[in-house]
file input_13.txt (compact mmCIF, C-alpha atoms)
# COMPACT_ATOMS: atom_id res chain seq x y z
CA MET A 1 0.00 0.00 0.00
CA ASN A 2 1.53 3.33 -1.00
CA ARG A 3 2.27 6.26 1.31
CA LYS A 4 -0.50 8.43 -0.17
CA LEU A 5 -3.14 5.79 0.57
CA LEU A 6 -1.86 5.30 4.13
CA SER A 7 -2.10 9.05 4.68
CA VAL A 8 -5.71 9.15 3.41
CA ILE A 9 -6.77 6.25 5.62
CA SER A 10 -5.09 7.80 8.65
CA ILE A 11 -6.94 11.09 8.20
CA ALA A 12 -10.25 9.31 7.58
CA LEU A 13 -9.88 7.20 10.72
CA ILE A 14 -9.46 10.36 12.78
CA ILE A 15 -12.44 12.14 11.26
CA VAL A 16 -15.05 9.40 10.88
CA THR A 17 -15.32 8.30 14.49
CA VAL A 18 -19.00 8.28 15.51
CA VAL A 19 -19.54 10.60 18.46
CA THR A 20 -22.58 11.71 20.44
CA ALA A 21 -22.04 14.79 22.56
CA LEU A 22 -23.60 15.22 25.99
CA PRO A 23 -26.97 17.06 25.98
CA LEU A 24 -26.78 20.81 26.28
CA SER A 25 -28.16 22.14 29.58
CA ALA A 26 -31.46 24.01 29.55
CA SER A 27 -29.82 27.25 30.67
CA ALA A 28 -27.04 27.28 28.12
CA ALA A 29 -26.85 30.00 25.48
CA SER A 30 -24.28 30.60 22.72
CA THR A 31 -22.53 27.34 23.54
CA THR A 32 -20.08 25.35 21.42
CA ILE A 33 -20.29 21.57 21.73
CA SER A 34 -17.23 19.50 20.91
CA SER A 35 -17.85 16.33 18.92
CA GLY A 36 -14.77 14.65 20.33
CA VAL A 37 -13.44 14.55 16.76
CA LYS A 38 -10.62 17.00 16.08
CA GLY A 39 -11.77 19.99 14.03
CA ILE A 40 -15.54 19.31 14.32
CA SER A 41 -17.94 21.10 16.69
CA LEU A 42 -21.39 22.65 16.78
CA LYS A 43 -22.24 26.17 17.96
CA ILE A 44 -25.75 26.78 19.31
CA GLU A 45 -26.82 30.38 19.89
CA ASP A 46 -29.62 29.58 22.39
CA ASN A 47 -31.32 26.29 23.19
CA LYS A 48 -34.35 27.69 25.05
CA LEU A 49 -36.77 29.21 22.56
CA LEU A 50 -40.33 30.49 22.38
CA PRO A 51 -42.84 28.64 20.17
CA GLY A 52 -42.12 29.30 16.49
CA GLU A 53 -38.74 30.93 17.12
CA SER A 54 -35.67 29.89 15.16
CA LEU A 55 -32.80 27.84 16.53
CA VAL A 56 -29.50 29.24 15.23
CA ILE A 57 -26.72 26.69 14.79
CA THR A 58 -23.33 26.69 13.09
CA PRO A 59 -21.55 23.44 12.16
CA VAL A 60 -17.89 24.33 12.73
CA ILE A 61 -15.31 22.38 10.72
CA ASP A 62 -11.63 23.28 10.35
CA SER A 63 -9.92 23.70 7.00
CA THR A 64 -8.54 20.14 7.02
CA GLY A 65 -11.91 18.58 7.73
CA THR A 66 -13.83 20.52 5.07
CA LYS A 67 -11.96 18.63 2.35
CA TYR A 68 -13.55 15.38 3.56
CA ILE A 69 -17.11 16.62 4.28
CA LYS A 70 -19.85 15.68 1.84
CA SER A 71 -22.82 17.07 3.77
CA VAL A 72 -24.05 18.12 7.20
CA VAL A 73 -27.68 17.36 8.09
CA ALA A 74 -29.68 18.49 11.13
CA THR A 75 -32.58 16.39 12.39
CA LEU A 76 -35.10 18.07 14.68
CA GLY A 77 -38.22 16.04 15.39
CA ASP A 78 -39.18 14.46 12.08
CA LYS A 79 -37.67 17.23 9.94
CA LYS A 80 -34.26 17.04 8.29
CA THR A 81 -32.38 20.09 7.02
CA GLU A 82 -29.06 20.25 5.15
CA LEU A 83 -26.76 22.81 6.77
CA LYS A 84 -24.18 25.19 5.40
CA ILE A 85 -20.72 24.59 6.85
CA ASN A 86 -19.16 27.31 9.01
CA LYS A 87 -22.24 29.53 8.56
CA LYS A 88 -25.25 30.27 10.72
CA ASN A 89 -28.28 28.11 9.93
CA THR A 90 -31.82 28.57 11.29
CA LEU A 91 -34.27 25.82 12.22
CA LYS A 92 -37.81 26.86 13.11
CA MET A 93 -39.08 25.37 16.35
CA PRO A 94 -42.64 23.97 16.72
CA SER A 95 -45.24 26.70 17.20
CA LYS A 96 -47.44 24.82 19.70
CA ASN A 97 -45.93 21.84 21.47
CA LEU A 98 -43.81 22.89 24.45
CA GLY A 99 -41.06 20.70 25.84
CA LEU A 100 -37.81 18.93 25.11
CA TYR A 101 -36.58 18.23 21.59
CA THR A 102 -33.45 16.38 20.54
CA LEU A 103 -31.31 18.03 17.89
CA LYS A 104 -29.01 15.65 16.01
CA VAL A 105 -26.43 16.95 13.56
CA THR A 106 -24.84 14.31 11.32
CA TYR A 107 -21.62 14.90 9.39
CA LYS A 108 -21.31 12.69 6.31
CA PHE A 109 -17.87 12.24 4.80
CA ARG A 110 -16.93 11.72 1.17
CA MET A 111 -17.04 8.20 -0.16
CA ASP A 112 -14.87 9.19 -3.14
CA LEU A 113 -11.58 9.52 -1.27
CA PRO A 114 -8.66 9.21 -3.66
CA VAL A 115 -7.98 5.56 -2.85
CA THR A 116 -5.89 3.78 -5.48
CA GLN A 117 -5.71 0.33 -3.90
CA SER A 118 -8.54 -1.83 -2.50
CA SER A 119 -8.18 -3.54 0.85
CA VAL A 120 -10.31 -4.73 3.78
CA SER A 121 -9.07 -1.88 5.98
CA THR A 122 -9.91 0.70 3.30
CA LYS A 123 -13.50 -0.61 2.97
CA LYS A 124 -13.90 -0.47 6.74
CA VAL A 125 -12.84 3.18 6.77
CA LEU A 126 -15.26 4.07 3.99
CA LEU A 127 -18.20 2.40 5.76
CA GLN A 128 -17.55 4.39 8.94
CA ASN A 129 -18.22 7.72 7.28
CA TYR A 130 -20.45 9.52 9.79
CA ALA A 131 -19.93 11.62 12.89
CA GLY A 132 -22.78 12.91 15.01
CA ILE A 133 -23.44 15.55 17.65
CA SER A 134 -26.67 15.62 19.65
CA ALA A 135 -28.03 18.29 21.98
CA SER A 136 -31.20 19.08 23.89
CA VAL A 137 -33.28 22.09 22.85
CA TYR A 138 -36.46 23.35 24.48
CA VAL A 139 -39.61 25.15 23.41
CA VAL A 140 -40.79 27.19 26.40
CA ALA A 141 -43.90 29.21 27.17
CA ASP A 142 -43.91 32.92 26.32
CA MET A 143 -44.83 34.30 29.75
CA ASN A 144 -45.56 37.80 28.44
CA ALA A 145 -48.00 36.32 25.93
CA VAL A 146 -49.56 34.17 28.66
CA ILE A 147 -50.19 37.21 30.87
CA MET A 148 -51.63 39.23 27.99
CA LYS A 149 -53.99 36.37 27.13
CA ALA A 150 -55.05 35.96 30.76
CA LYS A 151 -55.74 39.70 31.13
CA LYS A 152 -58.33 39.52 28.35
CA ILE A 153 -60.43 37.28 30.60
CA TYR A 154 -59.33 38.50 34.03
CA PRO A 155 -58.05 42.09 33.77
CA GLN A 156 -55.94 43.61 36.53
CA GLY A 157 -58.28 44.40 39.45
CA SER A 158 -61.09 42.10 38.30
CA LYS A 159 -62.61 39.44 40.54
CA CYS A 160 -62.14 35.67 40.54
CA SER A 161 -64.27 33.81 43.08
CA TYR A 162 -64.95 30.43 41.41
CA ILE A 163 -64.09 28.69 38.13
CA LYS A 164 -66.39 25.79 37.30
CA LYS A 165 -63.93 24.17 34.86
CA TYR A 166 -61.45 23.55 37.69
CA SER A 167 -64.00 23.13 40.53
CA ALA A 168 -61.82 25.58 42.42
CA TYR A 169 -62.27 28.82 44.31
CA GLN A 170 -60.54 32.20 44.49
CA CYS A 171 -56.71 32.06 44.56
CA HIS A 172 -56.49 28.37 43.66
CA ALA A 173 -58.99 28.73 40.83
CA PHE A 174 -57.02 31.62 39.36
CA ALA A 175 -53.65 29.87 39.71
CA CYS A 176 -55.13 26.83 37.93
CA PHE A 177 -56.44 29.14 35.21
CA MET A 178 -53.00 30.71 34.73
CA SER A 179 -51.28 27.31 34.55
CA ASP A 180 -53.82 26.03 32.03
CA THR A 181 -53.45 29.22 29.97
CA ALA A 182 -49.67 28.75 29.89
CA PHE A 183 -49.53 25.03 29.12
CA GLY A 184 -53.02 23.97 27.99
CA ALA A 185 -52.91 20.91 30.23
CA GLY A 186 -55.97 21.49 32.40
CA LYS A 187 -56.06 21.71 36.18
CA PRO A 188 -52.81 20.92 38.04
CA THR A 189 -53.81 17.99 40.26
CA THR A 190 -52.07 14.80 41.34
CA SER A 191 -54.41 12.86 39.04
CA ASN A 192 -53.36 14.94 36.01
CA LYS A 193 -50.36 13.06 34.58
CA ALA A 194 -49.16 16.22 32.81
CA TYR A 195 -48.08 17.62 36.19
CA GLU A 196 -45.70 16.59 38.93
CA TYR A 197 -45.71 17.67 42.57
CA PHE A 198 -42.86 18.72 44.85
CA ARG A 199 -43.71 18.93 48.55
CA ALA A 200 -42.09 21.07 51.22
CA THR A 201 -41.36 19.86 54.73
CA SER A 202 -41.14 21.59 58.09
CA LYS A 203 -37.39 21.91 57.49
CA ASN A 204 -37.20 22.60 53.75
CA GLY A 205 -39.46 25.06 51.96
CA ILE A 206 -37.97 24.03 48.54
CA VAL A 207 -38.10 27.64 47.31
CA ASN A 208 -34.89 27.19 45.33
CA SER A 209 -36.68 24.49 43.32
CA ILE A 210 -39.41 26.87 42.09
CA ARG A 211 -39.47 27.67 38.36
CA VAL A 212 -41.32 30.28 36.35
CA GLY A 213 -44.63 28.66 35.35
CA ASP A 214 -45.11 26.77 38.62
CA LEU A 215 -48.25 26.82 40.74
CA VAL A 216 -47.15 27.26 44.36
CA ARG A 217 -49.38 26.70 47.39
CA TYR A 218 -48.46 27.73 50.93
CA ARG A 219 -49.80 29.04 54.24
CA SER A 220 -49.90 32.82 53.95
CA SER A 221 -48.89 35.34 56.59
CA GLN A 222 -52.65 35.93 57.11
CA SER A 223 -52.88 32.25 58.12
CA PHE A 224 -54.95 31.00 55.20
CA ASN A 225 -53.89 28.74 52.33
CA HIS A 226 -52.86 30.65 49.24
CA SER A 227 -52.00 29.65 45.64
CA ILE A 228 -49.92 31.72 43.24
CA PHE A 229 -48.69 31.36 39.65
CA VAL A 230 -45.00 32.25 39.22
CA THR A 231 -44.22 34.65 36.36
CA LYS A 232 -40.61 35.68 37.04
CA ILE A 233 -37.70 34.93 39.39
CA ASP A 234 -34.59 36.92 40.24
CA GLY A 235 -31.94 36.68 42.94
CA THR A 236 -34.18 38.08 45.67
CA TYR A 237 -37.83 37.80 44.65
CA ILE A 238 -40.45 35.41 43.32
CA TYR A 239 -42.85 37.38 41.08
CA TYR A 240 -46.37 36.06 40.60
CA ALA A 241 -49.99 36.53 39.59
CA ASP A 242 -52.74 35.71 42.06
CA ALA A 243 -56.27 36.36 43.24
CA ASN A 244 -57.74 37.05 46.68
CA SER A 245 -54.55 38.14 48.43
CA ASP A 246 -56.70 41.02 49.74
CA GLY A 247 -59.55 38.76 50.86
CA LYS A 248 -61.78 40.34 48.18
CA CYS A 249 -61.04 37.96 45.24
CA THR A 250 -59.08 40.69 43.43
CA VAL A 251 -56.84 39.58 40.53
CA LYS A 252 -53.30 41.01 40.50
CA TYR A 253 -50.43 40.37 38.06
CA ASN A 254 -47.69 42.47 39.63
CA GLN A 255 -47.09 40.69 42.94
CA ARG A 256 -43.77 39.68 44.45
CA ILE A 257 -42.45 38.06 47.61
CA LYS A 258 -38.92 37.62 48.92
CA LYS A 259 -37.57 34.11 48.52
CA SER A 260 -36.57 34.07 52.18
CA GLU A 261 -40.12 34.92 53.24
CA LEU A 262 -41.72 32.35 50.95
CA GLU A 263 -39.29 29.73 52.24
CA LYS A 264 -40.67 30.27 55.76
CA LEU A 265 -44.30 30.19 54.60
CA MET A 266 -43.80 26.98 52.59
CA ARG A 267 -42.60 25.28 55.78
CA LYS A 268 -45.78 26.14 57.69
CA ARG A 269 -48.59 23.60 57.97
CA LEU A 270 -51.41 24.14 55.53
CA LEU A 271 -55.00 24.25 56.62
CA THR A 272 -56.34 20.82 55.65
CA ASP A 273 -56.41 20.37 51.85
CA ASP A 274 -56.61 16.60 51.90
CA GLY A 275 -55.21 13.85 54.07
CA SER A 276 -51.79 13.75 52.42
CA VAL A 277 -50.82 17.42 52.18
CA LYS A 278 -49.20 18.93 55.28
CA TYR A 279 -46.91 21.71 54.06
CA GLY A 280 -46.53 23.87 50.98
CA TYR A 281 -46.03 22.37 47.53
CA ILE A 282 -45.11 23.10 43.92
CA ALA A 283 -47.28 21.83 41.05
CA ARG A 284 -45.23 21.79 37.83
CA TYR A 285 -46.16 21.05 34.25
CA LYS A 286 -43.76 18.26 33.25
CA ASN A 287 -42.72 19.94 30.01
CA ASN A 288 -42.02 23.26 31.71
CA TYR A 289 -38.36 24.14 31.01
CA LEU A 290 -38.62 27.85 31.82

call {"tool": "encode", "arguments": {"input": "input_13.txt", "output": "structure tokens"}}
result
Amino acid sequence: MNRKLLSVISIALIIVTVVTALPLSASAASTTISSGVKGISLKIEDNKLLPGESLVITPVIDSTGTKYIKSVVATLGDKKTELKINKKNTLKMPSKNLGLYTLKVTYKFRMDLPVTQSSVSTKKVLLQNYAGISASVYVVADMNAVIMKAKKIYPQGSKCSYIKKYSAYQCHAFACFMSDTAFGAGKPTTSNKAYEYFRATSKNGIVNSIRVGDLVRYRSSQSFNHSIFVTKIDGTYIYYADANSDGKCTVKYNQRIKKSELEKLMRKRLLTDDGSVKYGYIARYKNNYL
């Protein structure tokens, strides 16, 4: 076998290794994922997107690798798109279904390498002509749009005393309404498989586990049970929409409470909800990645 052929096979063996990268975290933005293959990586501008937004990705390949690339294809859901190398490409995310999606980018290498001599090892190299990178991307609720939609039915300062659809009253009815408006999954209950529950204890108020989009129930400082729908979180405060915090069923969208204060309230015993609930809890839509 001549020196030129050995050189070609050596390069191909380095490039064609099949690799799957670790999933990208939900909070990552403008991140470059290494394929584990020298000279090949994938840049993702932001992997948490609103419905219908575009995912921006760049398949990065060094000058040596480009000589051996035939095509780069992205698979998102059931849609495949051929990508331009070393340029930004956009993939439109689903406009309705929230949740986790797996992005797979496959690099296909040329089958027409300048091989002048046939051998078993050469055929093996040519058959192993793919490399892959996978990452997790998320379609998340547009909280501003959710609030605007909710305000058309329950404007700021309006009243919410009972909602028949949820068989719920006042604050809990409104929090259920907000959650359903955001995710379209009905009432957050333990029997609704679209939701999961996280329960506080007398020693742990689980406030650091709260996400935007959660329904949170706790014993208020006025010593009654209260439900809120979380709309924003920063380093100090939990921001939320609720009803009846004034005892008059009034709907408010601009509420906030310090995390430290909510932590204490979550650890207080609730007035009896049912036999199993003792302290505060979080009800979360399972496909909520906000």

call {"tool": "residues_around", "arguments": {"input": "input_13.txt", "residues": "Lys159 in chain A", "least_positions_apart": "5", "cutoff": "10 Å", "atoms": "only C-alpha atoms", "output": "list in words"}}
result
Tyr154, Gln170, Phe174, Ala243, Asn244, Lys248, Cys249, Thr250, Val251 and Lys252 of chain A

call {"tool": "residues_around", "arguments": {"input": "input_13.txt", "residues": "Asp78 in chain A", "least_positions_apart": "6", "cutoff": "12 Å", "atoms": "only C-alpha atoms", "output": "list in words"}}
result
Met93, Pro94, Tyr101, Thr102, Leu103 and Lys104 of chain A

call {"tool": "closest_residue", "arguments": {"input": "input_13.txt", "among": "A:Lys232, A:Arg110, A:Lys92, A:Lys187", "to": "Asp142 in chain A", "atoms": "all atoms listed in the file"}}
result
A:Lys232

call {"tool": "residues_around", "arguments": {"input": "input_13.txt", "residues": "range 53-69 of chain A", "least_positions_apart": "6", "cutoff": "6 Å", "atoms": "only C-alpha atoms", "output": "list in words"}}
result
Gly39, Ile40, Ser41, Leu42, Lys43, Ile44, Glu45, Ile85, Asn86, Lys87, Lys88, Asn89, Thr90, Leu91, Lys92, Met93, Phe109 and Arg110 of chain A

call {"tool": "atom_distance", "arguments": {"input": "input_13.txt", "atom1": "CA of Glu196 in chain A", "atom2": "CA of Ala283 in chain A"}}
result
5.9 Å

call {"tool": "atom_distance", "arguments": {"input": "input_13.txt", "atom1": "CA of Ser136 in chain A", "atom2": "CA of Asn47 in chain A"}}
result
7.2 Å

call {"tool": "closest_residue", "arguments": {"input": "input_13.txt", "among": "A:Gly205, A:Gly213, A:Gly235, A:Gly132", "to": "Val72 in chain A", "atoms": "only C-alpha atoms"}}
result
A:Gly132

call {"tool": "atom_distance", "arguments": {"input": "input_13.txt", "atom1": "CA of Gly186 in chain A", "atom2": "CA of Leu98 in chain A"}}
result
14.6 Å

call {"tool": "residues_near_point", "arguments": {"input": "input_13.txt", "point": "(-37.8, 19.0, 50.7)", "cutoff": "12 Å", "atoms": "all atoms listed in the file", "output": "MDAnalysis selection string"}}
result
chainID A and resid 197:210 263 266:267 279:282

call {"tool": "closest_residue", "arguments": {"input": "input_13.txt", "among": "A:Ile133, A:Leu49, A:Ala74, A:Leu271", "to": "Thr32 in chain A", "atoms": "all atoms listed in the file"}}
result
A:Ile133

call {"tool": "closest_residue", "arguments": {"input": "input_13.txt", "among": "A:Asn287, A:Ser179, A:Ser34, A:Thr272", "to": "Val230 in chain A", "atoms": "only C-alpha atoms"}}
result
A:Ser179

call {"tool": "residues_near_point", "arguments": {"input": "input_13.txt", "point": "(-56.0, 33.1, 50.4)", "cutoff": "10 Å", "atoms": "all atoms listed in the file", "output": "number ranges by chain"}}
result
A: 169-172, 217-228, 242-249

call {"tool": "closest_residue", "arguments": {"input": "input_13.txt", "among": "A:Leu270, A:Val139, A:Met148, A:Leu265", "to": "Tyr253 in chain A", "atoms": "only C-alpha atoms"}}
result
A:Met148

call {"tool": "axis_aligned_box", "arguments": {"input": "input_13.txt", "around": "range 253-271 of chain A", "padding_each_side": "6 Å", "output": "AutoDock Vina command-line options"}}
result
--center_x -45.8 --center_y 33.0 --center_z 48.0 --size_x 30.4 --size_y 30.9 --size_z 31.9

call {"tool": "closest_residue", "arguments": {"input": "input_13.txt", "among": "A:Ser167, A:Ser35, A:Ser30, A:Ser134", "to": "Thr75 in chain A", "atoms": "all atoms listed in the file"}}
result
A:Ser134
